[in-house]
file coords.txt (compact mmCIF, C-alpha atoms)
# COMPACT_ATOMS: atom_id res chain seq x y z
CA MET V 348 26.21 -2.10 56.25
CA GLY V 349 28.59 -0.24 53.94
CA ARG V 350 30.18 1.59 56.86
CA THR V 351 30.56 -1.69 58.81
CA ILE V 352 32.42 -3.34 55.93
CA GLN V 353 34.62 -0.27 55.48
CA GLU V 354 35.57 -0.29 59.14
CA ASP V 355 36.54 -3.98 59.06
CA TRP V 356 37.73 -4.31 55.47
CA ALA V 357 40.45 -6.84 56.33
CA GLY V 358 37.90 -9.12 57.93
CA TYR V 359 35.37 -8.90 55.11
CA ALA V 360 37.48 -8.57 51.97
CA SER V 361 38.51 -12.21 51.66
CA ARG V 362 34.91 -13.46 51.85
CA LEU V 363 33.16 -10.57 50.13
CA SER V 364 30.90 -11.56 47.23
CA ILE V 365 28.98 -9.07 45.10
CA PRO V 366 26.44 -11.16 43.14
CA ILE V 367 24.96 -8.09 41.42
CA LEU V 368 28.23 -6.68 40.11
CA ASP V 369 30.12 -9.87 39.24
CA PRO V 370 27.75 -11.01 36.45
CA PHE V 371 27.75 -7.48 35.00
CA LEU V 372 31.55 -7.42 34.84
CA THR V 373 31.60 -10.89 33.27
CA TYR V 374 29.21 -9.68 30.55
CA VAL V 375 31.28 -6.53 29.99
CA ARG V 376 34.49 -8.55 29.52
CA GLY V 377 32.77 -10.77 26.96
CA PHE V 378 31.34 -7.74 25.18
CA VAL V 379 34.76 -6.07 25.03
CA ASP V 380 36.40 -9.24 23.68
CA HIS V 381 33.67 -9.65 21.05
CA HIS V 382 34.22 -6.10 19.78
CA GLN V 383 38.02 -6.46 20.10
CA GLY V 384 38.09 -3.35 22.21
CA LYS V 385 39.24 -2.22 25.62
CA LEU V 386 37.41 -1.42 28.84
CA THR V 387 38.65 2.12 29.40
CA HIS V 388 36.37 3.42 32.18
CA LEU V 389 34.22 2.01 34.95
CA VAL V 390 31.89 4.44 36.71
CA LEU V 391 30.06 4.00 40.00
CA VAL V 392 27.21 6.43 40.58
CA VAL V 393 26.31 6.98 44.23
CA THR V 394 24.27 9.51 46.19
CA ASN V 395 25.35 11.52 49.21
CA GLN V 396 22.89 14.16 50.40
CA PRO V 397 23.98 17.19 52.42
CA GLN V 398 23.92 16.97 56.22
CA SER V 399 21.13 19.51 56.24
CA VAL V 400 18.77 16.84 54.86
CA GLU V 401 16.86 14.91 57.52
CA ALA V 402 18.47 11.65 58.66
CA ALA V 403 15.60 9.47 57.42
CA MET V 404 16.26 10.65 53.85
CA ARG V 405 20.05 10.44 54.13
CA ALA V 406 19.72 6.82 55.24
CA LYS V 407 18.76 5.95 51.67
CA ASP V 408 22.06 7.25 50.28
CA THR V 409 24.34 4.75 48.56
CA TYR V 410 27.61 6.55 49.26
CA SER V 411 28.95 4.11 51.89
CA THR V 412 28.06 1.06 49.79
CA GLY V 413 29.65 2.78 46.82
CA LYS V 414 32.93 3.24 48.65
CA VAL V 415 32.97 -0.49 49.47
CA LEU V 416 32.37 -1.35 45.83
CA GLU V 417 35.07 1.08 44.74
CA LYS V 418 37.61 -0.49 47.08
CA TRP V 419 36.64 -3.99 45.95
CA LEU V 420 36.93 -3.01 42.29
CA ARG V 421 40.32 -1.37 42.78
CA GLU V 422 41.66 -4.64 44.15
CA ASN V 423 40.20 -6.62 41.24
CA ARG V 424 43.20 -7.61 39.11
CA SER V 425 41.12 -8.15 35.97
CA LEU V 426 40.37 -4.40 35.96
CA SER V 427 43.97 -3.24 35.96
CA GLY V 428 44.38 -0.51 33.35
CA THR V 429 40.73 0.57 33.66
CA ASN V 430 40.01 4.06 34.97
CA LEU V 431 37.67 3.74 37.93
CA THR V 432 35.54 6.76 38.78
CA THR V 433 32.98 7.26 41.53
CA LEU V 434 30.46 9.93 40.62
CA VAL V 435 28.79 11.38 43.71
CA VAL V 436 25.31 12.80 43.13
CA SER V 437 23.99 15.19 45.75
CA ALA V 438 20.32 14.23 45.44
CA ASN V 439 17.58 12.18 47.05
CA PRO V 440 17.95 8.76 45.33
CA THR V 441 14.23 8.01 45.72
CA ARG V 442 13.26 11.02 43.61
CA PRO V 443 14.15 10.67 39.92
CA ASP V 444 13.55 14.35 39.22
CA ASP V 445 15.99 15.32 41.98
CA VAL V 446 18.60 12.88 40.67
CA ALA V 447 18.08 14.03 37.07
CA GLY V 448 18.65 17.65 38.11
CA SER V 449 21.90 16.76 39.86
CA LEU V 450 23.07 14.67 36.91
CA ALA V 451 22.35 17.61 34.60
CA GLU V 452 24.69 19.72 36.74
CA THR V 453 27.47 17.16 36.33
CA LEU V 454 26.86 17.20 32.58
CA ALA V 455 27.18 20.97 32.52
CA ILE V 456 30.64 20.86 34.07
CA GLY V 457 31.88 18.19 31.66
CA LYS V 458 32.17 15.15 33.91
CA TRP V 459 30.75 12.87 31.20
CA GLY V 460 33.24 13.70 28.47
CA PHE V 461 34.91 10.29 28.38
CA LEU V 462 31.51 8.58 28.00
CA ARG V 463 30.63 10.80 25.05
CA GLU V 464 33.78 9.58 23.30
CA ALA V 465 33.28 5.86 24.06
CA ASP V 466 32.16 3.51 21.27
CA HIS V 467 29.81 1.74 23.68
CA VAL V 468 28.37 2.50 27.12
CA LEU V 469 27.04 -0.40 29.20
CA LEU V 470 24.75 0.29 32.17
CA SER V 471 23.65 -2.10 34.90
CA ILE V 472 20.31 -1.15 36.45
CA THR V 473 20.12 -4.05 38.93
CA GLY V 474 20.46 -3.20 42.62
CA GLY V 475 20.69 0.18 44.25
CA VAL V 476 17.71 2.51 44.28
CA PRO V 477 15.27 2.10 41.33
CA ALA V 478 14.59 5.82 41.01
CA LEU V 479 18.32 6.54 40.77
CA ASN V 480 18.74 3.82 38.13
CA TYR V 481 15.79 5.21 36.17
CA ALA V 482 17.13 8.77 36.14
CA LEU V 483 20.63 7.56 35.26
CA PHE V 484 19.32 5.49 32.37
CA LEU V 485 17.32 8.38 30.88
CA THR V 486 20.21 10.82 31.29
CA LEU V 487 22.71 8.51 29.64
CA TYR V 488 20.36 7.71 26.76
CA PHE V 489 19.07 11.17 25.92
CA GLU V 490 22.04 13.34 26.93
CA VAL V 491 25.17 11.23 26.54
CA ALA V 492 25.17 7.97 24.58
CA ARG V 493 21.90 7.50 22.67
CA ASP V 494 22.16 4.34 20.55
CA ARG V 495 25.63 3.57 21.95
CA LEU V 496 23.98 2.74 25.29
CA HIS V 497 23.42 -0.93 26.24
CA CYS V 498 21.16 -1.47 29.24
CA LEU V 499 21.58 -4.67 31.30
CA HIS V 500 19.97 -6.34 34.27
CA VAL V 501 21.11 -9.33 36.33
CA ASN V 502 18.76 -12.30 36.31
CA GLU V 503 18.46 -13.38 39.94
CA ALA V 504 17.75 -17.01 39.03
CA THR V 505 20.65 -17.54 36.65
CA ARG V 506 22.99 -14.92 38.12
CA GLN V 507 23.75 -13.73 34.59
CA ALA V 508 23.65 -10.24 33.12
CA VAL V 509 21.33 -9.97 30.12
CA PRO V 510 20.35 -7.03 27.89
CA ASN V 511 16.85 -5.69 28.40
CA ASN V 512 14.60 -4.06 25.81
CA TYR V 513 14.51 -0.52 27.21
CA ILE V 514 16.78 0.84 24.50
CA SER V 515 15.03 -0.97 21.65
CA ARG V 516 11.67 0.30 22.88
CA LEU V 517 12.91 3.87 23.02
CA GLN V 518 14.45 3.45 19.59
CA GLY V 519 11.15 2.03 18.37
CA VAL V 520 9.21 5.00 19.69
CA ALA V 521 11.66 7.45 18.11
CA ARG V 522 11.64 5.53 14.82
CA ARG V 523 7.85 5.51 14.78
CA GLU V 524 7.70 9.27 15.27
CA ARG V 525 10.14 9.79 12.41
CA ILE V 526 8.05 7.51 10.22
CA ARG V 527 4.88 9.38 11.20
CA ALA V 528 6.43 12.61 9.89
CA LEU V 529 7.54 10.86 6.68
CA VAL V 530 4.04 9.44 6.14
CA ASP V 531 2.72 13.00 6.03
CA LEU V 532 5.26 13.67 3.24
CA TYR V 533 4.51 10.39 1.41
CA ASP V 534 8.28 9.78 1.51
CA PHE V 535 8.23 6.00 1.32
CA SER V 536 11.86 5.82 0.28
CA ALA V 537 12.93 7.42 3.56
CA ILE V 538 10.47 5.18 5.44
CA GLN V 539 12.12 2.16 3.84
CA ARG V 540 15.53 3.33 5.07
CA GLU V 541 14.13 3.76 8.60
CA LEU V 542 12.80 0.20 8.55
CA ALA V 543 15.87 -1.42 7.00
CA PRO V 544 17.50 -2.41 10.37
CA LEU V 545 14.42 -4.38 11.50
CA ARG V 546 14.41 -8.15 11.27
CA ASP V 547 10.82 -8.20 10.05
CA THR V 548 11.11 -7.00 6.46
CA THR V 549 7.34 -6.90 5.85
CA TRP V 550 6.90 -3.20 6.46
CA ALA V 551 10.06 -2.17 4.63
CA THR V 552 8.81 -4.19 1.65
CA LEU V 553 5.48 -2.34 1.74
CA ALA V 554 7.35 0.97 1.92
CA ALA V 555 9.36 -0.12 -1.14
CA TYR V 556 6.08 -0.88 -2.92
CA GLY V 557 4.84 2.64 -2.11
CA GLN V 558 7.95 4.31 -3.52
CA GLN V 559 8.03 2.06 -6.60
CA ARG V 560 4.40 2.85 -7.35
CA LEU V 561 5.04 6.56 -6.94
CA ASN V 562 7.95 6.15 -9.37
CA PHE V 563 5.59 4.46 -11.88
CA ASP V 564 7.62 1.25 -11.63
CA PHE V 565 4.49 -0.90 -11.49
CA THR V 566 6.21 -4.22 -12.20
CA ALA V 567 8.57 -3.78 -9.25
CA ALA V 568 5.67 -2.55 -7.08
CA ALA V 569 3.62 -5.66 -7.92
CA PHE V 570 6.60 -7.88 -7.06
CA SER V 571 7.04 -6.12 -3.70
CA LEU V 572 3.38 -6.73 -2.88
CA SER V 573 3.74 -10.42 -3.70
CA GLN V 574 6.74 -10.58 -1.35
CA ALA V 575 4.89 -8.73 1.41
CA LEU V 576 1.90 -11.09 1.14
CA ARG V 577 4.11 -13.92 2.41
CA THR V 578 4.53 -12.34 5.82
CA VAL V 579 1.78 -9.74 6.40
CA PRO V 580 -0.62 -10.41 9.28
CA PRO V 581 -3.92 -12.01 8.15
CA ALA V 582 -5.86 -8.83 8.94
CA VAL V 583 -3.73 -6.89 6.46
CA ARG V 584 -3.96 -9.36 3.56
CA PRO V 585 -7.24 -8.02 2.07
CA THR V 586 -5.76 -4.52 1.83
CA VAL V 587 -2.57 -5.72 0.16
CA GLU V 588 -4.55 -7.91 -2.24
CA ALA V 589 -6.70 -4.90 -3.16
CA TRP V 590 -3.52 -2.96 -4.05
CA GLN V 591 -2.46 -5.90 -6.19
CA GLY V 592 -5.77 -5.67 -7.99
CA GLU V 593 -5.21 -1.96 -8.69
CA LEU V 594 -1.91 -2.78 -10.39
CA THR V 595 -3.24 -5.67 -12.47
CA GLU V 596 -4.33 -3.58 -15.45
CA LEU V 597 -0.98 -1.78 -15.45
CA VAL V 598 1.24 -4.87 -15.49
CA ALA V 599 -0.83 -7.56 -17.24
CA GLU V 600 0.18 -8.09 -20.88
CA ASP V 601 -3.38 -8.79 -22.03
CA THR V 602 -4.90 -5.59 -20.62
CA GLN V 603 -6.97 -3.69 -23.16
CA PRO V 604 -5.11 -0.50 -24.18
CA ARG V 605 -7.98 1.77 -23.12
CA ASN V 606 -8.20 0.14 -19.69
CA LYS V 607 -4.44 0.48 -19.27
CA SER V 608 -4.63 4.17 -20.19
CA ILE V 609 -7.43 4.79 -17.67
CA ALA V 610 -5.43 2.97 -14.98
CA LEU V 611 -2.33 5.01 -15.82
CA MET V 612 -4.32 8.24 -15.63
CA ARG V 613 -5.51 7.27 -12.14
CA GLU V 614 -1.89 6.71 -11.12
CA LEU V 615 -0.86 10.05 -12.60
CA LEU V 616 -3.62 11.81 -10.67
CA ALA V 617 -2.61 10.05 -7.45
CA ASN V 618 0.97 11.11 -8.01
CA MET V 619 -0.09 14.67 -8.84
CA TRP V 620 -2.16 14.87 -5.67
CA ILE V 621 0.95 14.05 -3.67
CA LYS V 622 2.95 16.62 -5.59
CA LEU V 623 0.32 19.19 -4.63
CA GLU V 624 0.52 18.11 -0.99
CA ARG V 625 4.30 18.44 -1.05
CA GLY V 626 4.26 21.71 -2.96
CA GLU V 627 6.36 20.17 -5.74
CA TRP V 628 4.78 22.26 -8.47
CA VAL V 629 7.31 21.66 -11.24
CA ASP V 630 6.89 17.88 -10.96
CA PHE V 631 3.13 18.44 -10.98
CA LEU V 632 3.42 20.29 -14.31
CA GLY V 633 5.44 17.46 -15.84
CA ARG V 634 2.84 14.89 -14.86
CA LEU V 635 0.01 17.15 -16.05
CA TYR V 636 1.44 17.11 -19.56
CA ARG V 637 1.62 13.30 -19.46
CA LEU V 638 -1.98 13.14 -18.19
CA LEU V 639 -3.16 15.45 -20.98
CA GLU V 640 -1.36 13.29 -23.54
CA GLU V 641 -3.05 10.12 -22.26
CA SER V 642 -6.48 11.79 -22.05
CA LEU V 643 -6.29 12.97 -25.66
CA LYS V 644 -5.12 9.53 -26.78
CA VAL V 645 -8.11 7.87 -25.11
CA TYR V 646 -10.46 10.40 -26.70
CA VAL V 647 -9.07 9.86 -30.21
CA GLY V 648 -9.24 6.08 -29.80
CA ASP V 649 -12.88 6.32 -28.67
CA ALA V 650 -13.86 8.75 -31.43
CA LEU V 651 -12.29 6.66 -34.18
CA GLY V 652 -13.23 3.32 -32.64
CA ALA V 653 -9.54 2.38 -32.69
CA THR V 654 -7.66 0.03 -30.39
CA LEU V 655 -4.51 1.92 -29.52
CA THR V 656 -1.98 -0.88 -29.20
CA PHE V 657 1.50 0.54 -29.70
CA ASP V 658 3.77 -1.23 -32.19
CA ARG V 659 7.34 -0.88 -30.96
CA LYS V 660 8.84 -1.79 -34.34
CA THR V 661 6.97 0.83 -36.39
CA ARG V 662 6.67 3.26 -33.45
CA ASN V 663 2.98 3.93 -34.09
CA TYR V 664 -0.57 2.64 -33.52
CA PRO V 665 -1.57 0.45 -36.50
CA ASP V 666 -5.30 0.42 -35.77
CA TYR V 667 -5.30 4.19 -35.35
CA LEU V 668 -3.70 4.59 -38.76
CA ALA V 669 -6.23 2.24 -40.34
CA LYS V 670 -9.28 3.90 -38.74
CA ALA V 671 -8.03 7.40 -39.60
CA LYS V 672 -7.48 6.44 -43.24
CA ALA V 673 -11.08 5.22 -43.30
CA ARG V 674 -12.15 8.84 -42.70
CA PRO V 675 -11.05 10.72 -45.85
CA GLN V 676 -12.93 13.83 -44.67
CA ALA V 677 -10.71 13.96 -41.58
CA LEU V 678 -7.53 13.53 -43.61
CA GLU V 679 -8.60 16.30 -45.98
CA TRP V 680 -9.21 18.51 -42.96
CA PHE V 681 -5.73 17.77 -41.61
CA GLU V 682 -4.22 18.57 -45.01
CA SER V 683 -6.05 21.91 -45.04
CA GLN V 684 -4.65 22.79 -41.63
CA LYS V 685 -1.07 22.63 -42.85
CA ALA V 686 -1.47 26.05 -44.40
CA THR V 687 -1.94 27.64 -40.97
CA LEU V 688 -0.22 25.14 -38.66
CA GLY V 689 2.74 24.33 -40.87
CA GLN V 690 3.86 21.48 -43.07
CA GLY V 691 5.15 19.67 -39.98
CA LEU V 692 1.61 18.66 -39.01
CA ARG V 693 1.54 14.87 -39.35
CA TRP V 694 -1.68 13.19 -38.27
CA GLU V 695 0.13 9.83 -38.37
CA GLU V 696 2.02 10.73 -35.17
CA LEU V 697 -0.50 10.57 -32.34
CA ASN V 698 0.90 13.10 -29.87
CA THR V 699 -0.60 15.91 -27.78
CA PHE V 700 -0.53 18.43 -30.64
CA VAL V 701 -2.26 16.02 -33.06
CA GLY V 702 -4.71 14.99 -30.34
CA GLU V 703 -5.83 18.60 -29.93
CA ARG V 704 -6.29 18.85 -33.71
CA TRP V 705 -8.59 15.83 -33.60
CA LEU V 706 -10.59 17.64 -30.91
CA GLU V 707 -10.98 20.58 -33.29
CA PHE V 708 -12.07 18.29 -36.10
CA PHE V 709 -14.64 16.31 -34.11
CA GLY V 710 -15.82 19.41 -32.28
CA GLY V 711 -16.79 21.04 -35.55
CA GLN V 712 -17.48 18.16 -37.92
CA GLY V 713 -18.25 15.11 -35.85
CA ASN V 714 -21.66 13.64 -35.07
CA PRO V 715 -23.58 15.26 -32.18
CA ASP V 716 -22.21 12.89 -29.53
CA GLU V 717 -18.64 13.19 -30.82
CA SER V 718 -18.94 16.96 -31.06
CA ALA V 719 -20.36 17.38 -27.54
CA LYS V 720 -17.61 15.34 -25.88
CA ALA V 721 -14.94 16.98 -28.01
CA ARG V 722 -16.11 20.45 -27.02
CA ARG V 723 -16.22 19.52 -23.30
CA LEU V 724 -12.67 18.23 -23.47
CA GLN V 725 -11.62 21.28 -25.51
CA GLU V 726 -12.95 23.54 -22.75
CA VAL V 727 -10.96 21.65 -20.12
CA VAL V 728 -7.78 21.77 -22.22
CA ALA V 729 -8.30 25.51 -22.77
CA ARG V 730 -8.70 26.16 -19.03
CA LEU V 731 -5.52 24.20 -18.36
CA ARG V 732 -3.64 26.08 -21.08
CA PRO V 733 -1.86 28.44 -18.65
CA LEU V 734 -0.34 25.41 -16.88
CA THR V 735 0.61 23.49 -20.00
CA GLU V 736 2.23 26.60 -21.49
CA LEU V 737 4.04 27.17 -18.21
CA ARG V 738 5.39 23.65 -18.49
CA ASN V 739 6.29 23.99 -22.19
CA GLN V 740 8.20 27.24 -21.69
CA SER V 741 10.09 26.02 -18.61
CA ILE V 742 13.02 23.65 -18.25
CA MET V 743 10.47 20.83 -17.83
CA ALA V 744 10.20 20.90 -21.64
CA HIS V 745 12.56 22.77 -23.95
CA GLY V 746 12.38 26.32 -22.64
CA PHE V 747 14.32 28.48 -20.25
CA LYS V 748 11.56 30.65 -18.85
CA PRO V 749 11.62 30.80 -15.02
CA VAL V 750 8.47 29.77 -13.18
CA SER V 751 7.34 32.53 -10.83
CA LYS V 752 6.16 31.99 -7.28
CA GLU V 753 2.77 33.49 -8.21
CA ASP V 754 2.37 30.99 -11.06
CA LEU V 755 3.17 28.07 -8.80
CA GLN V 756 0.82 29.23 -6.05
CA ALA V 757 -2.01 29.20 -8.61
CA VAL V 758 -1.45 25.54 -9.55
CA PRO V 759 -3.86 24.04 -6.95
CA THR V 760 -6.75 26.10 -8.36
CA TYR V 761 -6.64 23.94 -11.49
CA TRP V 762 -7.19 20.64 -9.68
CA SER V 763 -10.85 20.16 -10.67
CA ASP V 764 -10.01 20.67 -14.34
CA THR V 765 -7.10 18.26 -13.96
CA LEU V 766 -9.51 15.63 -12.62
CA ALA V 767 -11.81 16.27 -15.58
CA LEU V 768 -9.14 14.97 -17.97
CA LEU V 769 -9.99 11.52 -16.61
CA ASP V 770 -13.61 11.98 -15.55
CA LEU V 771 -14.71 12.75 -19.12
CA HIS V 772 -13.70 9.21 -20.12
CA LEU V 773 -15.51 7.47 -17.27
CA PRO V 774 -19.14 6.40 -16.94
CA GLU V 775 -21.31 9.13 -15.47
CA GLY V 776 -20.95 9.29 -11.69
CA ASP V 777 -17.67 7.35 -11.63
CA SER V 778 -15.30 9.83 -10.04
CA GLY V 779 -14.65 10.76 -6.41
CA LEU V 780 -10.96 10.43 -7.11
CA GLU V 781 -9.91 13.27 -4.87
CA ALA V 782 -10.97 11.55 -1.63
CA SER V 783 -9.83 8.06 -2.64
CA ILE V 784 -6.40 9.27 -3.76
CA ALA V 785 -5.65 10.94 -0.44
CA LYS V 786 -7.04 8.02 1.55
CA GLY V 787 -5.22 5.31 -0.42
CA TRP V 788 -1.73 6.65 0.27
CA LYS V 789 -2.52 7.57 3.86
CA ASP V 790 -3.80 4.01 4.37
CA LEU V 791 -0.42 2.62 3.30
CA GLY V 792 1.46 4.95 5.64
CA ASN V 793 -0.84 4.25 8.59
CA LEU V 794 -0.66 0.51 7.98
CA ILE V 795 3.14 0.67 8.18
CA LEU V 796 2.91 2.79 11.33
CA GLU V 797 0.60 0.24 12.93
CA GLY V 798 2.95 -2.57 11.97
CA VAL V 799 6.01 -1.04 13.62
CA LYS V 800 4.46 -0.33 17.00
CA PRO V 801 7.22 -0.72 19.61

call {"tool": "encode", "arguments": {"input": "coords.txt", "output": "structure tokens"}}
result
Amino acid sequence: MGRTIQEDWAGYASRLSIPILDPFLTYVRGFVDHHQGKLTHLVLVVTNQPQSVEAAMRAKDTYSTGKVLEKWLRENRSLSGTNLTTLVVSANPTRPDDVAGSLAETLAIGKWGFLREADHVLLSITGGVPALNYALFLTLYFEVARDRLHCLHVNEATRQAVPNNYISRLQGVARRERIRALVDLYDFSAIQRELAPLRDTTWATLAAYGQQRLNFDFTAAAFSLSQALRTVPPAVRPTVEAWQGELTELVAEDTQPRNKSIALMRELLANMWIKLERGEWVDFLGRLYRLLEESLKVYVGDALGATLTFDRKTRNYPDYLAKAKARPQALEWFESQKATLGQGLRWEELNTFVGERWLEFFGGQGNPDESAKARRLQEVVARLRPLTELRNQSIMAHGFKPVSKEDLQAVPTYWSDTLALLDLHLPEGDSGLEASIAKGWKDLGNLILEGVKP
């Protein structure tokens, strides 16, 4: 038919209608006006197989039809100033692999340069040979335009060109693979940035919760969960509500100090597990010191029967001071230690150094139960000493000593003792933190992955 029209162009031109191309051009003009741009190039892609190919195959070529379209377009006044190019592909249009190979050859010789420089590339995939359209679409997306490509089809009923979802689906698949890699790194901040362009903010909000919780910003994390609960699918609600429950003791004002300390220690361990997974040893050491501090504080509170509510005005723990003063034997012991530990030893300041001194006191002079627990905790602290000293002598504290690769590689071997800093304060049999920590954060990542399926 293409050859027939070419041979009698004068007879056909005045009554020639191209219902597939007209709507596409109308859409393109509107798109250009919306972006206040200019239509610089229009490309027709046609196939023309060598004469050596059998006639039955060459009959499927679109070259003759393409020449008709080219002539019609050149006479279209609305396209004046637009560079019109016909790209001839020497391939069987019914075989996408054959077309893709030929298109790759045209890429290699630089025939797509102007498309690489364009702000937007619009492609119509209606009409012609489906396999050719398919290969052209994949080539343009992966090799030329990526997210600058807009794929359109012409609705036969309305005769209007409309965008299809091919690009968004490919973008969704690519985004999901990037998120999958970030889940393995527990990088919820980067996951949140990946999800920011999506209309549905549910999953980005959950990613924000993950990062806020890892940053120990529990108030913000609780708020993010409350926001996410408004839009999460019903099947996800129980999981999100369970996370809310985990944060309750950390954000509620009426939480008992001991319960808040135990909850904080769980969070520190979760965070430290992730630091181990990432190989971020220096951060691990910083959190270890904080965990040790909290563990010693809980022990001292239990041993003295004190409620360790911090008074921000006096910068101390009033009940701790009262209960310690009620033990004159302990205060005498502390006074005696100043001769060897220095006059700077102040039992009134409940820090890590003072906490370890209480361990020494109760380990040697406490009742049997106090002494047994004190000695167990002393043993754990002693086994962790190489790590705490590494932290104290490095830039994590006040030192300048470099941390060697060998020292860092040994950090994971201390994990069971690190867990013991919490386990010693829990009822017997209440542990299993290692498995639950890993699973809890993976659950969040996998839930987000499931939610953003393309």

call {"tool": "closest_residue", "arguments": {"input": "coords.txt", "among": "V:Asp564, V:Glu627, V:Glu641, V:Glu679", "to": "Asn606 (chain V)", "atoms": "all atoms listed in the file"}}
result
V:Glu641

call {"tool": "residues_around", "arguments": {"input": "coords.txt", "residues": "region 464-472 of chain V", "least_positions_apart": "6", "cutoff": "9 Å", "atoms": "only C-alpha atoms", "output": "JSON, numbers by chain"}}
result
{"V": [367, 368, 371, 375, 387, 480, 481, 483, 484, 487, 492, 494, 495, 496, 497, 498, 499, 500, 501, 508]}

call {"tool": "closest_atom_pairs", "arguments": {"input": "coords.txt", "of": "region 579-684 of chain V", "to": "region 729-734 of chain V", "cutoff": "9 Å", "atoms": "all atoms listed in the file", "output": "tab-separated table"}}
result
residue	atom	partner	partner_atom	distance
V:Leu632	CA	V:Leu734	CA	6.9
V:Leu635	CA	V:Leu734	CA	8.3
V:Tyr636	CA	V:Leu734	CA	8.9

call {"tool": "write_last_selection", "arguments": {"input": "coords.txt", "atoms": "C-alpha atoms", "output": "mmCIF file, keeping the file's coordinate frame"}}
result
data_model
loop_
_atom_site.group_PDB
_atom_site.id
_atom_site.type_symbol
_atom_site.label_atom_id
_atom_site.label_comp_id
_atom_site.auth_asym_id
_atom_site.auth_seq_id
_atom_site.Cartn_x
_atom_site.Cartn_y
_atom_site.Cartn_z
ATOM 1 C CA LEU V 632 3.420 20.290 -14.310
ATOM 2 C CA LEU V 635 0.010 17.150 -16.050
ATOM 3 C CA TYR V 636 1.440 17.110 -19.560
#

call {"tool": "residues_around", "arguments": {"input": "coords.txt", "residues": "Thr429 (chain V)", "least_positions_apart": "5", "cutoff": "10 Å", "atoms": "only C-alpha atoms", "output": "list in words"}}
result
Lys385, Leu386, Thr387, His388, Leu389 and Arg421 of chain V

call {"tool": "write_last_selection", "arguments": {"input": "coords.txt", "atoms": "C-alpha atoms", "output": "mmCIF file, in the coordinates of the input"}}
result
data_model
loop_
_atom_site.group_PDB
_atom_site.id
_atom_site.type_symbol
_atom_site.label_atom_id
_atom_site.label_comp_id
_atom_site.auth_asym_id
_atom_site.auth_seq_id
_atom_site.Cartn_x
_atom_site.Cartn_y
_atom_site.Cartn_z
ATOM 1 C CA LYS V 385 39.240 -2.220 25.620
ATOM 2 C CA LEU V 386 37.410 -1.420 28.840
ATOM 3 C CA THR V 387 38.650 2.120 29.400
ATOM 4 C CA HIS V 388 36.370 3.420 32.180
ATOM 5 C CA LEU V 389 34.220 2.010 34.950
ATOM 6 C CA ARG V 421 40.320 -1.370 42.780
#

call {"tool": "axis_aligned_box", "arguments": {"input": "coords.txt", "around": "region 599-608 of chain V", "padding_each_side": "8 Å", "output": "AutoDock Vina command-line options"}}
result
--center_x -4.0 --center_y -2.3 --center_z -20.7 --size_x 24.4 --size_y 29.0 --size_z 22.9
